[in-house]
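Reading through the structure tokens given below for one structure.
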Amino acid sequence: HMGFNVKWDFYEAPDLFLDEPPSMGGSGKGPNAARMIVAGVANCLSASLSFCLSKSRANVEGMRVRCHGTLDRNERGRLRLTAIRLEPLVTMPEEKMAKLVRCLGMYEDFCIVTESVRNGIPVDVQVFHVDGDGNETPVVAKDG
């Protein structure tokens, strides 16, 4: 039995069922801990970026984040979460792009989870701008 029900001790949060995939002995009826780490980093980072954009009055129309965790075996053959890649996709007016670029230089530092996890897991982030037609363009921070 690999599944565990998480009962939160705050607010009115519903329980969360964590499990492993069948390939690892679980039933696959819930996310596993590695996925929760990736989701936690994605949530914290997205909230920090959203907060910066809100404070900048960037007129964000929508934001979602793609997140990927990489599992690899270490020298002893044990699976480890070895990398996390996050891709926030931000839909906003083209004329407000300078505000998004400005936030790139600061928002990650305010994310408690990402900066904590980075001490042990490299976290690679690429923000994308999504235009009105759904086209995605990588956003690059300006030097200085």
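How things are named: the first chain in the structure tokens is A, the next is B, and so on; residues count from 1 in each chain; ligands count from 1 in the order shown.
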
Which residues of range 40-92 of chain A sit at most 8 Å from range 118-137 of chain A, using only C-alpha atoms? Give each one's shortest atom pair and distance in Å (one decimal place), in chain and ascending residue order, as JSON lines.
```
{"residue": "A:Leu81", "atom": "CA", "partner": "A:Ile121", "partner_atom": "CA", "distance": 7.5}
{"residue": "A:Thr82", "atom": "CA", "partner": "A:Ile121", "partner_atom": "CA", "distance": 6.0}
{"residue": "A:Ala83", "atom": "CA", "partner": "A:Pro122", "partner_atom": "CA", "distance": 5.4}
{"residue": "A:Ile84", "atom": "CA", "partner": "A:Val123", "partner_atom": "CA", "distance": 4.9}
{"residue": "A:Arg85", "atom": "CA", "partner": "A:Asp124", "partner_atom": "CA", "distance": 4.7}
{"residue": "A:Leu86", "atom": "CA", "partner": "A:Val125", "partner_atom": "CA", "distance": 4.8}
{"residue": "A:Glu87", "atom": "CA", "partner": "A:Gln126", "partner_atom": "CA", "distance": 5.0}
{"residue": "A:Pro88", "atom": "CA", "partner": "A:Val127", "partner_atom": "CA", "distance": 4.8}
{"residue": "A:Leu89", "atom": "CA", "partner": "A:Phe128", "partner_atom": "CA", "distance": 4.7}
{"residue": "A:Val90", "atom": "CA", "partner": "A:His129", "partner_atom": "CA", "distance": 4.9}
{"residue": "A:Thr91", "atom": "CA", "partner": "A:Val130", "partner_atom": "CA", "distance": 4.6}
{"residue": "A:Met92", "atom": "CA", "partner": "A:Asp131", "partner_atom": "CA", "distance": 6.9}
```

Item to complete: Any chance you could list, as an NGL selection string, the residues in chain A that come up strand (DSSP E) when DSSP is run on the backbone?
Response: :A and (4-6 or 16-18 or 62-73 or 79-91 or 123-125 or 128-130 or 136-138)

Export of the given selection (N, CA and C atoms) as a short mmCIF file (atom, residue, chain, number, x, y, z; two decimals), in the first residue's frame:
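Result written to result.cif:
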```
data_model
loop_
_atom_site.label_atom_id
_atom_site.label_comp_id
_atom_site.auth_asym_id
_atom_site.auth_seq_id
_atom_site.Cartn_x
_atom_site.Cartn_y
_atom_site.Cartn_z
N PHE A 4 -1.34 7.52 0.59
CA PHE A 4 -1.51 8.19 1.86
C PHE A 4 -2.48 9.35 1.69
N ASN A 5 -3.37 9.51 2.64
CA ASN A 5 -4.31 10.61 2.62
C ASN A 5 -3.75 11.74 3.49
N VAL A 6 -3.58 12.90 2.91
CA VAL A 6 -3.05 14.05 3.65
C VAL A 6 -4.24 14.85 4.18
N LEU A 16 -5.99 15.41 0.63
CA LEU A 16 -5.27 15.14 -0.61
C LEU A 16 -4.74 13.72 -0.55
N PHE A 17 -5.02 12.93 -1.58
CA PHE A 17 -4.54 11.55 -1.62
C PHE A 17 -3.26 11.50 -2.45
N LEU A 18 -2.18 11.04 -1.82
CA LEU A 18 -0.89 10.88 -2.50
C LEU A 18 -0.65 9.40 -2.73
N GLY A 62 -4.19 36.34 -18.30
CA GLY A 62 -4.18 34.95 -17.86
C GLY A 62 -2.77 34.45 -17.68
N MET A 63 -2.63 33.46 -16.82
CA MET A 63 -1.32 32.84 -16.64
C MET A 63 -1.53 31.39 -16.24
N ARG A 64 -0.72 30.52 -16.82
CA ARG A 64 -0.68 29.12 -16.42
C ARG A 64 0.78 28.73 -16.44
N VAL A 65 1.10 27.59 -15.88
CA VAL A 65 2.50 27.18 -15.85
C VAL A 65 2.60 25.71 -16.22
N ARG A 66 3.54 25.44 -17.13
CA ARG A 66 3.89 24.05 -17.44
C ARG A 66 5.06 23.71 -16.53
N CYS A 67 5.02 22.53 -15.93
CA CYS A 67 6.13 22.14 -15.07
C CYS A 67 6.52 20.70 -15.36
N HIS A 68 7.81 20.46 -15.31
CA HIS A 68 8.36 19.14 -15.62
C HIS A 68 9.41 18.79 -14.57
N GLY A 69 9.31 17.61 -14.01
CA GLY A 69 10.34 17.12 -13.12
C GLY A 69 11.11 16.01 -13.83
N THR A 70 12.42 15.96 -13.62
CA THR A 70 13.25 14.93 -14.23
C THR A 70 13.71 13.96 -13.16
N LEU A 71 13.46 12.68 -13.38
CA LEU A 71 13.93 11.64 -12.48
C LEU A 71 15.12 10.94 -13.13
N ASP A 72 16.16 10.72 -12.36
CA ASP A 72 17.34 9.99 -12.83
C ASP A 72 17.87 9.14 -11.70
N ARG A 73 18.64 8.15 -12.04
CA ARG A 73 19.24 7.29 -11.01
C ARG A 73 20.59 7.88 -10.59
N LEU A 79 16.45 6.24 -7.72
CA LEU A 79 15.80 7.33 -8.44
C LEU A 79 15.80 8.59 -7.59
N ARG A 80 16.12 9.70 -8.23
CA ARG A 80 16.11 11.01 -7.57
C ARG A 80 15.49 12.03 -8.51
N LEU A 81 14.84 13.02 -7.91
CA LEU A 81 14.37 14.18 -8.67
C LEU A 81 15.60 15.04 -8.90
N THR A 82 16.06 15.12 -10.15
CA THR A 82 17.34 15.77 -10.44
C THR A 82 17.21 17.14 -11.07
N ALA A 83 16.03 17.49 -11.55
CA ALA A 83 15.86 18.82 -12.16
C ALA A 83 14.37 19.14 -12.23
N ILE A 84 14.09 20.43 -12.20
CA ILE A 84 12.73 20.94 -12.36
C ILE A 84 12.78 22.04 -13.40
N ARG A 85 11.88 21.98 -14.37
CA ARG A 85 11.76 23.05 -15.37
C ARG A 85 10.36 23.61 -15.27
N LEU A 86 10.29 24.92 -15.16
CA LEU A 86 9.01 25.62 -15.09
C LEU A 86 8.90 26.57 -16.26
N GLU A 87 7.73 26.62 -16.84
CA GLU A 87 7.48 27.51 -17.97
C GLU A 87 6.18 28.27 -17.73
N PRO A 88 6.25 29.41 -17.01
CA PRO A 88 5.05 30.23 -16.88
C PRO A 88 4.66 30.79 -18.24
N LEU A 89 3.39 30.68 -18.58
CA LEU A 89 2.87 31.21 -19.84
C LEU A 89 1.95 32.36 -19.48
N VAL A 90 2.35 33.57 -19.85
CA VAL A 90 1.66 34.78 -19.43
C VAL A 90 0.97 35.41 -20.64
N THR A 91 -0.34 35.60 -20.54
CA THR A 91 -1.12 36.26 -21.58
C THR A 91 -1.36 37.69 -21.12
N VAL A 123 16.81 24.37 -10.57
CA VAL A 123 15.50 24.74 -11.10
C VAL A 123 15.72 25.64 -12.30
N ASP A 124 15.27 25.19 -13.44
CA ASP A 124 15.40 25.95 -14.69
C ASP A 124 14.05 26.56 -15.02
N VAL A 125 14.03 27.85 -15.28
CA VAL A 125 12.77 28.55 -15.53
C VAL A 125 12.86 29.31 -16.85
N PHE A 128 7.21 32.43 -20.73
CA PHE A 128 6.73 32.64 -22.10
C PHE A 128 5.62 33.67 -22.09
N HIS A 129 5.61 34.52 -23.09
CA HIS A 129 4.49 35.44 -23.33
C HIS A 129 3.56 34.74 -24.31
N VAL A 130 2.26 34.78 -24.03
CA VAL A 130 1.27 34.20 -24.93
C VAL A 130 0.45 35.34 -25.51
N GLU A 136 3.32 31.36 -28.40
CA GLU A 136 4.20 31.48 -27.23
C GLU A 136 5.57 32.00 -27.66
N THR A 137 6.06 32.99 -26.92
CA THR A 137 7.38 33.56 -27.19
C THR A 137 8.17 33.60 -25.89
N PRO A 138 9.40 33.03 -25.87
CA PRO A 138 10.22 33.11 -24.66
C PRO A 138 10.52 34.58 -24.34
#
```

Discussion item. For the helix (DSSP H, G or I) assignment from backbone DSSP, which residues of chain A qualify? Please present them as an MDAnalysis selection string.
Written reply: chainID A and resid 22:24 33:55 94:104 107:110 112:117

Item to complete: Find the residues near Lys99 in chain A: any atom within 10 Å, counting only C-alpha atoms, skip ones fewer than 4 places away on the same chain, and give them as JSON, numbers by chain.
Response: {"A": [52, 53, 54, 55, 56, 57, 58, 59, 95, 103, 104]}

Item to complete: Write out as a VMD selection string which residues come within 8 Å of range 112-116 of chain A when counting only C-alpha atoms, dropping same-chain ones fewer than 5 positions away.
Response: chain A and resid 40 to 41 44 to 45 123

Item to complete: State, in Å with one decimal place, the distance from CA of Ala34 in chain A to CA of Pro21 in chain A.
Response: 11.2 Å

Worksheet item: Nearest to Arg102 in chain A: which of A:Gly3, A:Val140, A:Val117, A:Glu75 is it, counting only C-alpha atoms?
Response: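 The answer is A:Val140, which sits nearest to Arg102 in chain A.
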
Response to the item:
Residue with the minimum atom-to-atom distance to Arg35 in chain A, picked from A:Glu20, A:Phe10, A:Pro93, A:Asp15 with only C-alpha atoms counted, is A:Glu20

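Among A:Met2, A:Cys111, A:Met106, A:Val60, the residue with the shortest atom-to-atom distance to Gly28 in chain A, counting only C-alpha atoms, is A:Met2.
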
Discussion item. I'd like the interatomic distance between CA of Glu61 in chain A and CA of Leu49 in chain A, to a tenth of an Å.
Written reply: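 Distance between the two atoms: 13.6 Å.
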
Worksheet entry | For CA of Val101 in chain A and CA of Ala141 in chain A, the interatomic separation in Å (one decimal) |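 Result for CA of Val101 in chain A versus CA of Ala141 in chain A: 5.5 Å, one decimal.
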